[in-house]
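Student: Dropping in entry25.pdb, which is PDB, C-alpha atoms and all ligand atoms:
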```
MODEL        1
ATOM      1  CA  MET M 276      38.440 168.943 149.462  1.00  0.00           C
ATOM      2  CA  GLU M 277      41.944 170.319 149.841  1.00  0.00           C
ATOM      3  CA  GLU M 278      43.308 167.149 151.345  1.00  0.00           C
ATOM      4  CA  ASP M 279      41.995 165.100 148.422  1.00  0.00           C
ATOM      5  CA  ASP M 280      43.773 167.425 146.017  1.00  0.00           C
ATOM      6  CA  LEU M 281      46.991 166.898 147.890  1.00  0.00           C
ATOM      7  CA  ASN M 282      46.513 163.121 147.908  1.00  0.00           C
ATOM      8  CA  LEU M 283      45.984 163.235 144.160  1.00  0.00           C
ATOM      9  CA  ARG M 284      49.226 165.172 143.745  1.00  0.00           C
ATOM     10  CA  TYR M 285      51.120 162.580 145.819  1.00  0.00           C
ATOM     11  CA  LEU M 286      49.570 159.826 143.733  1.00  0.00           C
ATOM     12  CA  ASN M 287      50.461 161.496 140.452  1.00  0.00           C
ATOM     13  CA  TYR M 288      53.991 162.094 141.695  1.00  0.00           C
ATOM     14  CA  ILE M 289      54.456 158.411 142.554  1.00  0.00           C
ATOM     15  CA  GLU M 290      52.871 157.079 139.403  1.00  0.00           C
ATOM     16  CA  GLN M 291      54.631 159.428 136.984  1.00  0.00           C
ATOM     17  CA  LEU M 292      58.022 158.769 138.513  1.00  0.00           C
ATOM     18  CA  PHE M 293      57.805 155.062 139.338  1.00  0.00           C
ATOM     19  CA  ALA M 294      54.816 153.438 137.689  1.00  0.00           C
ATOM     20  CA  ALA M 295      54.116 154.904 134.275  1.00  0.00           C
ATOM     21  CA  GLU M 296      51.811 152.649 132.258  1.00  0.00           C
ATOM     22  CA  ASP M 297      52.944 151.480 128.860  1.00  0.00           C
ATOM     23  CA  SER M 298      50.496 150.976 125.981  1.00  0.00           C
ATOM     24  CA  ALA M 299      49.648 147.366 126.946  1.00  0.00           C
ATOM     25  CA  LEU M 300      48.535 148.441 130.432  1.00  0.00           C
ATOM     26  CA  GLN M 301      46.604 151.419 129.058  1.00  0.00           C
ATOM     27  CA  GLU M 302      44.940 149.213 126.456  1.00  0.00           C
ATOM     28  CA  THR M 303      44.037 146.718 129.167  1.00  0.00           C
ATOM     29  CA  PHE M 304      42.279 149.412 131.150  1.00  0.00           C
ATOM     30  CA  ASN M 305      40.490 150.670 128.011  1.00  0.00           C
ATOM     31  CA  ALA M 306      39.399 147.133 127.092  1.00  0.00           C
ATOM     32  CA  MET M 307      37.977 146.655 130.595  1.00  0.00           C
ATOM     33  CA  ARG M 308      35.884 149.794 130.069  1.00  0.00           C
ATOM     34  CA  THR M 309      34.744 148.833 126.584  1.00  0.00           C
ATOM     35  CA  ASN M 310      33.728 145.371 127.771  1.00  0.00           C
ATOM     36  CA  GLY M 311      31.810 146.622 130.795  1.00  0.00           C
ATOM     37  CA  LEU M 312      34.165 145.293 133.495  1.00  0.00           C
ATOM     38  CA  PRO M 313      34.167 147.218 136.792  1.00  0.00           C
ATOM     39  CA  GLU M 314      37.139 149.566 137.191  1.00  0.00           C
ATOM     40  CA  ILE M 315      38.368 147.955 140.387  1.00  0.00           C
ATOM     41  CA  ASN M 316      41.853 146.888 139.322  1.00  0.00           C
ATOM     42  CA  ILE M 317      44.810 147.731 141.508  1.00  0.00           C
ATOM     43  CA  SER M 318      46.496 151.079 140.866  1.00  0.00           C
ATOM     44  CA  ALA M 319      49.679 151.390 138.821  1.00  0.00           C
ATOM     45  CA  SER M 320      51.732 152.162 141.923  1.00  0.00           C
ATOM     46  CA  GLN M 321      50.393 149.026 143.590  1.00  0.00           C
ATOM     47  CA  GLY M 322      51.213 147.077 140.452  1.00  0.00           C
ATOM     48  CA  LYS M 323      54.775 148.310 140.731  1.00  0.00           C
ATOM     49  CA  LEU M 324      54.868 147.338 144.403  1.00  0.00           C
ATOM     50  CA  LEU M 325      53.716 143.803 143.510  1.00  0.00           C
ATOM     51  CA  GLN M 326      56.418 143.680 140.872  1.00  0.00           C
ATOM     52  CA  VAL M 327      59.173 144.780 143.252  1.00  0.00           C
ATOM     53  CA  LEU M 328      58.062 142.226 145.855  1.00  0.00           C
ATOM     54  CA  ALA M 329      57.932 139.412 143.298  1.00  0.00           C
ATOM     55  CA  LEU M 330      61.412 140.303 142.045  1.00  0.00           C
ATOM     56  CA  ALA M 331      62.788 140.587 145.585  1.00  0.00           C
ATOM     57  CA  ILE M 332      61.944 136.959 146.389  1.00  0.00           C
ATOM     58  CA  GLY M 333      62.875 135.725 142.912  1.00  0.00           C
ATOM     59  CA  ALA M 334      59.318 134.565 142.275  1.00  0.00           C
ATOM     60  CA  LYS M 335      59.024 131.944 139.549  1.00  0.00           C
ATOM     61  CA  ARG M 336      55.528 130.731 140.299  1.00  0.00           C
ATOM     62  CA  ILE M 337      52.691 133.045 141.264  1.00  0.00           C
ATOM     63  CA  LEU M 338      49.082 132.271 142.198  1.00  0.00           C
ATOM     64  CA  GLU M 339      46.538 135.073 141.820  1.00  0.00           C
ATOM     65  CA  ILE M 340      42.927 134.883 143.001  1.00  0.00           C
ATOM     66  CA  GLY M 341      40.725 137.395 141.144  1.00  0.00           C
ATOM     67  CA  THR M 342      41.866 138.097 137.566  1.00  0.00           C
ATOM     68  CA  LEU M 343      39.299 140.678 136.425  1.00  0.00           C
ATOM     69  CA  GLY M 344      40.732 142.070 133.135  1.00  0.00           C
ATOM     70  CA  GLY M 345      44.295 140.928 133.797  1.00  0.00           C
ATOM     71  CA  TYR M 346      45.654 144.327 134.867  1.00  0.00           C
ATOM     72  CA  SER M 347      47.364 143.081 138.050  1.00  0.00           C
ATOM     73  CA  THR M 348      48.273 139.867 136.223  1.00  0.00           C
ATOM     74  CA  ILE M 349      50.319 141.903 133.728  1.00  0.00           C
ATOM     75  CA  TRP M 350      52.264 143.697 136.472  1.00  0.00           C
ATOM     76  CA  LEU M 351      53.021 140.377 138.182  1.00  0.00           C
ATOM     77  CA  ALA M 352      53.816 138.432 135.003  1.00  0.00           C
ATOM     78  CA  ARG M 353      56.371 141.069 134.059  1.00  0.00           C
ATOM     79  CA  ALA M 354      58.339 140.225 137.203  1.00  0.00           C
ATOM     80  CA  LEU M 355      58.726 136.588 136.131  1.00  0.00           C
ATOM     81  CA  PRO M 356      61.844 135.020 134.615  1.00  0.00           C
ATOM     82  CA  PRO M 357      61.466 133.447 131.128  1.00  0.00           C
ATOM     83  CA  ASP M 358      60.509 130.065 132.630  1.00  0.00           C
ATOM     84  CA  GLY M 359      58.145 131.607 135.203  1.00  0.00           C
ATOM     85  CA  LYS M 360      54.418 131.084 135.451  1.00  0.00           C
ATOM     86  CA  ILE M 361      51.370 132.763 136.925  1.00  0.00           C
ATOM     87  CA  ILE M 362      48.107 130.920 137.483  1.00  0.00           C
ATOM     88  CA  SER M 363      45.171 133.287 137.908  1.00  0.00           C
ATOM     89  CA  LEU M 364      41.749 132.207 139.192  1.00  0.00           C
ATOM     90  CA  GLU M 365      38.561 133.923 138.047  1.00  0.00           C
ATOM     91  CA  VAL M 366      34.902 132.986 138.561  1.00  0.00           C
ATOM     92  CA  ASP M 367      33.443 135.116 135.766  1.00  0.00           C
ATOM     93  CA  PRO M 368      33.967 133.672 132.239  1.00  0.00           C
ATOM     94  CA  HIS M 369      33.495 137.091 130.650  1.00  0.00           C
ATOM     95  CA  HIS M 370      36.225 138.606 132.828  1.00  0.00           C
ATOM     96  CA  ALA M 371      38.489 135.671 131.985  1.00  0.00           C
ATOM     97  CA  LYS M 372      37.910 136.127 128.253  1.00  0.00           C
ATOM     98  CA  VAL M 373      38.734 139.837 128.375  1.00  0.00           C
ATOM     99  CA  ALA M 374      41.798 139.085 130.512  1.00  0.00           C
ATOM    100  CA  ARG M 375      43.085 136.479 128.041  1.00  0.00           C
ATOM    101  CA  GLU M 376      42.792 139.022 125.208  1.00  0.00           C
ATOM    102  CA  ASN M 377      44.644 141.624 127.270  1.00  0.00           C
ATOM    103  CA  LEU M 378      47.430 139.223 128.230  1.00  0.00           C
ATOM    104  CA  ASP M 379      47.755 138.131 124.618  1.00  0.00           C
ATOM    105  CA  ASN M 380      47.961 141.782 123.557  1.00  0.00           C
ATOM    106  CA  ALA M 381      50.688 142.314 126.167  1.00  0.00           C
ATOM    107  CA  GLY M 382      52.668 139.363 124.782  1.00  0.00           C
ATOM    108  CA  LEU M 383      52.380 137.472 128.082  1.00  0.00           C
ATOM    109  CA  SER M 384      50.120 134.535 127.185  1.00  0.00           C
ATOM    110  CA  ASN M 385      52.945 132.041 127.597  1.00  0.00           C
ATOM    111  CA  TYR M 386      53.403 133.040 131.234  1.00  0.00           C
ATOM    112  CA  VAL M 387      49.770 132.955 132.249  1.00  0.00           C
ATOM    113  CA  GLU M 388      47.136 130.302 132.863  1.00  0.00           C
ATOM    114  CA  ILE M 389      43.658 131.534 133.752  1.00  0.00           C
ATOM    115  CA  ARG M 390      41.387 129.008 135.430  1.00  0.00           C
ATOM    116  CA  VAL M 391      37.681 129.780 135.390  1.00  0.00           C
ATOM    117  CA  GLY M 392      35.560 128.784 138.388  1.00  0.00           C
ATOM    118  CA  PRO M 393      35.065 129.610 142.057  1.00  0.00           C
ATOM    119  CA  GLY M 394      38.502 130.281 143.528  1.00  0.00           C
ATOM    120  CA  LEU M 395      38.119 127.789 146.361  1.00  0.00           C
ATOM    121  CA  ASP M 396      37.299 124.993 143.885  1.00  0.00           C
ATOM    122  CA  SER M 397      40.270 125.868 141.691  1.00  0.00           C
ATOM    123  CA  ILE M 398      42.597 125.839 144.710  1.00  0.00           C
ATOM    124  CA  ALA M 399      41.245 122.420 145.707  1.00  0.00           C
ATOM    125  CA  THR M 400      42.011 121.215 142.189  1.00  0.00           C
ATOM    126  CA  LEU M 401      45.556 122.574 142.379  1.00  0.00           C
ATOM    127  CA  VAL M 402      46.049 120.719 145.670  1.00  0.00           C
ATOM    128  CA  LYS M 403      44.727 117.480 144.124  1.00  0.00           C
ATOM    129  CA  GLU M 404      47.018 117.936 141.138  1.00  0.00           C
ATOM    130  CA  LYS M 405      49.945 118.189 143.578  1.00  0.00           C
ATOM    131  CA  THR M 406      50.974 121.357 141.799  1.00  0.00           C
ATOM    132  CA  ASP M 407      54.468 122.750 142.444  1.00  0.00           C
ATOM    133  CA  SER M 408      54.524 125.257 145.266  1.00  0.00           C
ATOM    134  CA  PHE M 409      54.118 128.977 144.652  1.00  0.00           C
ATOM    135  CA  ASP M 410      56.533 131.737 145.638  1.00  0.00           C
ATOM    136  CA  LEU M 411      53.834 134.371 145.812  1.00  0.00           C
ATOM    137  CA  LEU M 412      50.084 134.331 146.428  1.00  0.00           C
ATOM    138  CA  PHE M 413      47.997 137.417 145.601  1.00  0.00           C
ATOM    139  CA  ILE M 414      44.457 137.416 147.033  1.00  0.00           C
ATOM    140  CA  ASP M 415      42.114 139.909 145.340  1.00  0.00           C
ATOM    141  CA  ALA M 416      38.720 138.228 144.809  1.00  0.00           C
ATOM    142  CA  ASP M 417      35.535 138.136 146.951  1.00  0.00           C
ATOM    143  CA  LYS M 418      36.435 139.713 150.282  1.00  0.00           C
ATOM    144  CA  ASP M 419      34.359 137.354 152.476  1.00  0.00           C
ATOM    145  CA  ASN M 420      36.491 134.427 151.387  1.00  0.00           C
ATOM    146  CA  TYR M 421      39.909 135.967 152.116  1.00  0.00           C
ATOM    147  CA  SER M 422      40.445 133.844 155.243  1.00  0.00           C
ATOM    148  CA  ASN M 423      39.333 130.725 153.371  1.00  0.00           C
ATOM    149  CA  TYR M 424      41.714 131.494 150.510  1.00  0.00           C
ATOM    150  CA  LEU M 425      44.477 131.888 153.064  1.00  0.00           C
ATOM    151  CA  SER M 426      43.836 128.594 154.842  1.00  0.00           C
ATOM    152  CA  GLN M 427      43.293 126.584 151.631  1.00  0.00           C
ATOM    153  CA  ALA M 428      46.188 127.997 149.634  1.00  0.00           C
ATOM    154  CA  PHE M 429      48.659 128.342 152.526  1.00  0.00           C
ATOM    155  CA  PRO M 430      50.131 124.839 152.026  1.00  0.00           C
ATOM    156  CA  LEU M 431      50.786 125.726 148.369  1.00  0.00           C
ATOM    157  CA  VAL M 432      53.057 128.635 149.306  1.00  0.00           C
ATOM    158  CA  ARG M 433      56.726 127.837 149.889  1.00  0.00           C
ATOM    159  CA  LYS M 434      58.563 128.863 153.013  1.00  0.00           C
ATOM    160  CA  GLY M 435      60.133 132.245 152.354  1.00  0.00           C
ATOM    161  CA  GLY M 436      57.260 133.101 150.040  1.00  0.00           C
ATOM    162  CA  LEU M 437      54.866 136.033 150.203  1.00  0.00           C
ATOM    163  CA  ILE M 438      51.112 136.189 150.647  1.00  0.00           C
ATOM    164  CA  LEU M 439      49.590 139.502 149.546  1.00  0.00           C
ATOM    165  CA  ALA M 440      45.996 140.647 149.949  1.00  0.00           C
ATOM    166  CA  ASP M 441      44.346 143.694 148.372  1.00  0.00           C
ATOM    167  CA  ASN M 442      41.659 145.952 149.841  1.00  0.00           C
ATOM    168  CA  THR M 443      42.610 145.355 153.449  1.00  0.00           C
ATOM    169  CA  LEU M 444      42.614 148.948 154.718  1.00  0.00           C
ATOM    170  CA  ARG M 445      39.230 150.520 154.212  1.00  0.00           C
ATOM    171  CA  ARG M 446      36.958 152.666 156.333  1.00  0.00           C
ATOM    172  CA  SER M 447      35.082 149.493 157.302  1.00  0.00           C
ATOM    173  CA  ASN M 448      38.245 148.082 158.873  1.00  0.00           C
ATOM    174  CA  LEU M 449      38.193 150.869 161.462  1.00  0.00           C
ATOM    175  CA  ASP M 450      34.748 150.152 162.905  1.00  0.00           C
ATOM    176  CA  ASP M 451      35.192 146.487 162.527  1.00  0.00           C
ATOM    177  CA  SER M 452      32.533 144.766 164.621  1.00  0.00           C
ATOM    178  CA  PRO M 453      31.646 142.266 163.509  1.00  0.00           C
ATOM    179  CA  PRO M 454      34.832 142.216 161.429  1.00  0.00           C
ATOM    180  CA  SER M 455      34.468 142.354 157.644  1.00  0.00           C
ATOM    181  CA  GLY M 456      36.085 139.663 155.508  1.00  0.00           C
ATOM    182  CA  THR M 457      39.250 141.692 155.166  1.00  0.00           C
ATOM    183  CA  GLY M 458      39.137 142.689 158.849  1.00  0.00           C
ATOM    184  CA  GLN M 459      39.067 139.027 159.791  1.00  0.00           C
ATOM    185  CA  TYR M 460      41.859 138.336 157.355  1.00  0.00           C
ATOM    186  CA  ASN M 461      44.070 141.009 158.917  1.00  0.00           C
ATOM    187  CA  GLN M 462      43.370 139.672 162.413  1.00  0.00           C
ATOM    188  CA  THR M 463      44.228 136.148 161.291  1.00  0.00           C
ATOM    189  CA  VAL M 464      47.543 136.947 159.622  1.00  0.00           C
ATOM    190  CA  ALA M 465      48.536 139.356 162.411  1.00  0.00           C
ATOM    191  CA  ALA M 466      48.109 136.550 164.958  1.00  0.00           C
ATOM    192  CA  ARG M 467      49.795 133.749 163.030  1.00  0.00           C
ATOM    193  CA  GLU M 468      53.283 132.895 164.244  1.00  0.00           C
ATOM    194  CA  ASP M 469      54.219 131.317 160.928  1.00  0.00           C
ATOM    195  CA  LEU M 470      53.665 134.648 159.153  1.00  0.00           C
ATOM    196  CA  VAL M 471      55.304 138.050 159.548  1.00  0.00           C
ATOM    197  CA  SER M 472      52.749 140.585 158.373  1.00  0.00           C
ATOM    198  CA  ILE M 473      52.007 144.247 157.862  1.00  0.00           C
ATOM    199  CA  VAL M 474      49.305 146.206 156.075  1.00  0.00           C
ATOM    200  CA  VAL M 475      50.719 148.920 153.841  1.00  0.00           C
ATOM    201  CA  PRO M 476      48.398 151.870 153.161  1.00  0.00           C
ATOM    202  CA  ALA M 477      47.771 152.445 149.476  1.00  0.00           C
ATOM    203  CA  LEU M 478      46.898 155.855 148.131  1.00  0.00           C
ATOM    204  CA  ARG M 479      44.194 155.509 145.504  1.00  0.00           C
ATOM    205  CA  ARG M 480      42.117 157.878 143.414  1.00  0.00           C
ATOM    206  CA  ARG M 481      39.063 156.728 145.346  1.00  0.00           C
ATOM    207  CA  GLY M 482      40.575 157.148 148.783  1.00  0.00           C
ATOM    208  CA  MET M 483      42.465 155.069 151.310  1.00  0.00           C
ATOM    209  CA  ASP M 484      42.957 151.366 150.938  1.00  0.00           C
ATOM    210  CA  GLY M 485      45.778 148.959 151.654  1.00  0.00           C
ATOM    211  CA  LEU M 486      47.721 145.839 150.807  1.00  0.00           C
ATOM    212  CA  THR M 487      48.503 143.260 153.482  1.00  0.00           C
ATOM    213  CA  ILE M 488      51.941 141.710 153.051  1.00  0.00           C
ATOM    214  CA  SER M 489      52.767 138.448 154.844  1.00  0.00           C
ATOM    215  CA  PHE M 490      56.093 136.645 154.771  1.00  0.00           C
ATOM    216  CA  LYS M 491      55.867 132.881 155.319  1.00  0.00           C
ATOM    217  CA  ARG M 492      58.585 131.863 157.793  1.00  0.00           C
TER
HETATM  218  N1  LIG M 501      43.246 141.545 140.540  1.00  0.00           N
HETATM  219  C1  LIG M 501      42.461 142.379 139.626  1.00  0.00           C
HETATM  220  C2  LIG M 501      41.157 142.843 140.276  1.00  0.00           C
HETATM  221  C3  LIG M 501      40.274 141.737 140.740  1.00  0.00           C
HETATM  222  S1  LIG M 501      38.628 142.308 141.079  1.00  0.00           S
HETATM  223  C4  LIG M 501      43.282 143.596 139.258  1.00  0.00           C
HETATM  224  O1  LIG M 501      43.774 144.263 140.164  1.00  0.00           O
HETATM  225  O2  LIG M 501      43.429 143.882 138.061  1.00  0.00           O
HETATM  226  C5  LIG M 501      37.938 140.860 141.778  1.00  0.00           C
HETATM  227  C6  LIG M 501      37.716 139.719 140.794  1.00  0.00           C
HETATM  228  O3  LIG M 501      37.418 138.563 141.563  1.00  0.00           O
HETATM  229  C7  LIG M 501      36.529 139.926 139.836  1.00  0.00           C
HETATM  230  O4  LIG M 501      36.917 139.702 138.513  1.00  0.00           O
HETATM  231  C8  LIG M 501      35.532 138.862 140.272  1.00  0.00           C
HETATM  232  O5  LIG M 501      34.777 138.323 139.213  1.00  0.00           O
HETATM  233  C9  LIG M 501      36.451 137.824 140.874  1.00  0.00           C
HETATM  234  N2  LIG M 501      35.779 136.919 141.825  1.00  0.00           N
HETATM  235  C10 LIG M 501      34.735 137.196 142.654  1.00  0.00           C
HETATM  236  N3  LIG M 501      34.396 136.101 143.361  1.00  0.00           N
HETATM  237  C11 LIG M 501      35.249 135.121 142.981  1.00  0.00           C
HETATM  238  C12 LIG M 501      35.395 133.753 143.342  1.00  0.00           C
HETATM  239  N4  LIG M 501      34.608 133.169 144.249  1.00  0.00           N
HETATM  240  N5  LIG M 501      36.380 133.043 142.753  1.00  0.00           N
HETATM  241  C13 LIG M 501      37.203 133.625 141.844  1.00  0.00           C
HETATM  242  N6  LIG M 501      37.100 134.892 141.457  1.00  0.00           N
HETATM  243  C14 LIG M 501      36.141 135.638 142.010  1.00  0.00           C
HETATM  244  C1  LIG M 502      36.753 147.181 144.801  1.00  0.00           C
HETATM  245  C2  LIG M 502      38.130 147.360 144.693  1.00  0.00           C
HETATM  246  C3  LIG M 502      38.970 146.286 144.562  1.00  0.00           C
HETATM  247  O1  LIG M 502      40.320 146.424 144.483  1.00  0.00           O
HETATM  248  C4  LIG M 502      38.446 144.994 144.561  1.00  0.00           C
HETATM  249  O2  LIG M 502      39.323 143.968 144.456  1.00  0.00           O
HETATM  250  C5  LIG M 502      37.089 144.786 144.675  1.00  0.00           C
HETATM  251  C6  LIG M 502      36.230 145.875 144.796  1.00  0.00           C
HETATM  252  C7  LIG M 502      35.865 148.347 144.939  1.00  0.00           C
HETATM  253  O3  LIG M 502      36.382 149.470 145.051  1.00  0.00           O
HETATM  254  O4  LIG M 502      34.655 148.166 144.927  1.00  0.00           O
HETATM  255 MG    MG M 503      41.304 144.630 144.777  1.00  0.00          MG
ENDMDL
END
```
Take the structure in the file and give it back as structure tokens.

Tutor:
Amino acid sequence: MEEDDLNLRYLNYIEQLFAAEDSALQETFNAMRTNGLPEINISASQGKLLQVLALAIGAKRILEIGTLGGYSTIWLARALPPDGKIISLEVDPHHAKVARENLDNAGLSNYVEIRVGPGLDSIATLVKEKTDSFDLLFIDADKDNYSNYLSQAFPLVRKGGLILADNTLRRSNLDDSPPSGTGQYNQTVAAREDLVSIVVPALRRRGMDGLTISFKR
């Protein structure tokens, strides 16, 4: 379709100008393929957006839910200062193994801790450990749990921090009754007075999607 062609040209324009992948990111994508991981990582332009947001709030500690092969983890880790840290939660041990190899290959192992297990359990553990608060939370795992991730991890995010959620603007969000996991998530953050939120459309090779951005007052 003509419109798809045009979207692809916009996407290529953005990614060539602002979000070119270096060899570590390309190798990460290739390793995901070789190891049979689904190709559902964020796009390069979204990775750059995450990076800009992390830098803008001076993020030192980041919590990610849904590691996959570490592609988004690399974009985020590269926004950290030398003493920064990203903890990434992943339920699938195979994904976690591939991600660790990719992060090692990118020279970022020292910045990253991957915890294997259901995300909600790992968050509960972080709460029990009285972990330091996080500047940025990135939710990108099983969509039905988005609202649970928000409520459980919310106390771990500092005031003035950001909560980001991927895959929040899909066709299913338009005819949303009963609301999907991400539809519910959007409704929740839109209504919360302690958050200032917006969903930003994201152009992707496979069509429209979006990232919800919430600022914690
Ligand atoms: N953030 C990644 C993509 C994540 S895809 C990127 O952009 O590069 C979603 C990931 O969430 C998958 O690896 C999947 O195994 C993981 N996942 C699914 N259910 C989960 C759960 N309950 N807890 C933690 N991770 C989960
Ligand atoms: C899909 C895309 C994602 O970004 C994700 O986190 C999960 C699934 C998908 O296109 O199926
Ligand atoms: Mg996603």

Student: Please list as a PyMOL selection string every residue within 9 Å of segment 486-492 of chain M, counting all atoms listed in the file and excluding residues in the same chain fewer than 2 positions away.

Tutor: chain M and resi 321+429+432-444+461+464-465+468-477+484

Student: Can you report as AutoDock Vina command-line options the centre and edge lengths in Å, to one decimal, of an axis-aligned box around the listed atoms of segment 340-349 of chain M padded with 4 Å on each side?

Tutor:
```
--center_x 44.8 --center_y 139.6 --center_z 138.1 --size_x 19.0 --size_y 17.4 --size_z 17.9
```

Student: Residues up to 10 Å from ligand MG 503 (chain M), counting only C-alpha atoms and all ligand atoms: could you list those as JSON, numbers by chain?

Tutor: {"M": [314, 315, 316, 317, 318, 341, 342, 343, 347, 413, 414, 415, 416, 417, 418, 440, 441, 442, 443, 484, 485, 486]}

Student: List the residues selected by the PyMOL selection byres (((chain M and resi 357) around 12) and not hetatm) in the file shown, writing them as a list in words.

Tutor: Ala334, Lys335, Arg336, Ala352, Arg353, Ala354, Leu355, Pro356, Asp358, Gly359, Lys360, Ile361, Leu383, Asn385, Tyr386 and Val387 of chain M

Student: Can you tell me, as JSON, numbers by chain, what residues are no more than 7 Å from Ile362 of chain M when counting only C-alpha atoms, ignoring any on the same chain fewer than 6 positions away?

Tutor: {"M": [337, 338, 339, 387, 388, 389]}

Student: Quick one: pull the distance between atom CA of Gly458 of chain M and atom CA of Asn287 of chain M, Å, one decimal.

Tutor: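 Separating atom CA of Gly458 of chain M from atom CA of Asn287 of chain M is a distance of 28.6 Å.
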
Student: For Phe304 of chain M, find every residue with an atom within 10 Å (counting all atoms listed in the file), except residues of its own chain fewer than 5 positions away, and show them as a list of chain:residue names.

Tutor: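 Non-adjacent residues within range: M:Ser298, M:Ala299, M:Thr309, M:Leu312, M:Glu314, M:Asn316, M:Gly344, M:Gly345, M:Tyr346, M:Asn377.
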
Student: Ranking M:Arg308, M:His369, M:Arg479, M:Arg284 by minimum distance to ligand LIG 501 (chain M) and counting all atoms listed in the file, which one comes first?

Tutor: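 Of the candidates, the smallest distance to ligand LIG 501 (chain M) is held by M:His369.
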
Student: Give the answer as one residue: which of M:Leu330, M:Ser397, M:Ser320, M:Ala381 has the shortest atom-to-atom distance to ligand LIG 501 (chain M), using only C-alpha atoms and all ligand atoms?

Tutor: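 The shortest atom-to-atom distance to ligand LIG 501 (chain M) comes from M:Ser397.
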
Student: Using only C-alpha atoms, pick whichever of M:Ala374, M:Leu425, M:Ile289, M:Ala295 has the shortest atom-to-atom distance to Asn310 of chain M.

Tutor: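 Answer, going by the shortest atom-to-atom distance: M:Ala374.
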
Student: Restricting the calculation to only C-alpha atoms and all ligand atoms: of M:Leu401, M:Leu411, M:Val391, M:Leu478, which residue gets closest to ligand LIG 501 (chain M)?

Tutor: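 Looking only at the distances to ligand LIG 501 (chain M), the closest residue turns out to be M:Val391.
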
Student: For the atom pair atom O5 of ligand LIG 501 (chain M) and atom CA of Leu283 of chain M, what is the interatomic distance in Å to one decimal place?

Tutor: 27.8 Å

Student: Counting all atoms listed in the file, which residues have an atom no more than 12 Å from (53.6, 155.4, 137.9) in the file's coordinates? Please list them as an MDAnalysis selection string.

Tutor: chainID M and resid 285:297 300:301 318:324 350

Student: Which value, in Å to one decimal, gives the distance between atom CA of Asn423 of chain M and atom CA of Ile340 of chain M?

Tutor: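 Between atom CA of Asn423 of chain M and atom CA of Ile340 of chain M the gap is 11.7 Å.
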
Student: Quick one: of M:Thr463, M:Ser452, M:Thr400, M:Thr348, who's nearest to ligand LIG 501 (chain M), counting only C-alpha atoms and all ligand atoms?

Tutor: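 Result for the nearest residue to ligand LIG 501 (chain M): M:Thr348.
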
Student: Between M:Lys372, M:Arg480, M:Lys403, M:Arg390, which residue has the minimum interatomic distance to ligand LIG 502 (chain M), considering all atoms listed in the file?

Tutor: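 Selected residue with least distance to ligand LIG 502 (chain M): M:Arg480.
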
Student: So which residues get picked by the PyMOL selection byres (((chain M and resi 408) around 7) and not hetatm) here, written as a PDB file with C-alpha atoms, in the frame of the given file?

Tutor:
```
ATOM      1  CA  THR M 406      50.974 121.357 141.799  1.00  0.00           C
ATOM      2  CA  ASP M 407      54.468 122.750 142.444  1.00  0.00           C
ATOM      3  CA  PHE M 409      54.118 128.977 144.652  1.00  0.00           C
ATOM      4  CA  ASP M 410      56.533 131.737 145.638  1.00  0.00           C
ATOM      5  CA  LEU M 431      50.786 125.726 148.369  1.00  0.00           C
ATOM      6  CA  VAL M 432      53.057 128.635 149.306  1.00  0.00           C
ATOM      7  CA  ARG M 433      56.726 127.837 149.889  1.00  0.00           C
TER       8      ARG M 433
END
```

Student: On this structure, the PyMOL selection byres (((chain M and resi 394) around 7) and not hetatm) would catch which residues? List them as an MDAnalysis selection string, sorted by chain and number.

Tutor: chainID M and resid 340 364:366 392:393 395:398

Student: Would you kindly identify which residues have an atom no farther than 10 Å from (37.2, 161.5, 148.2), using all atoms listed in the file and the file's own coordinates, and write them out as a PyMOL selection string?

Tutor: chain M and resi 276+278-280+282-283+479-483
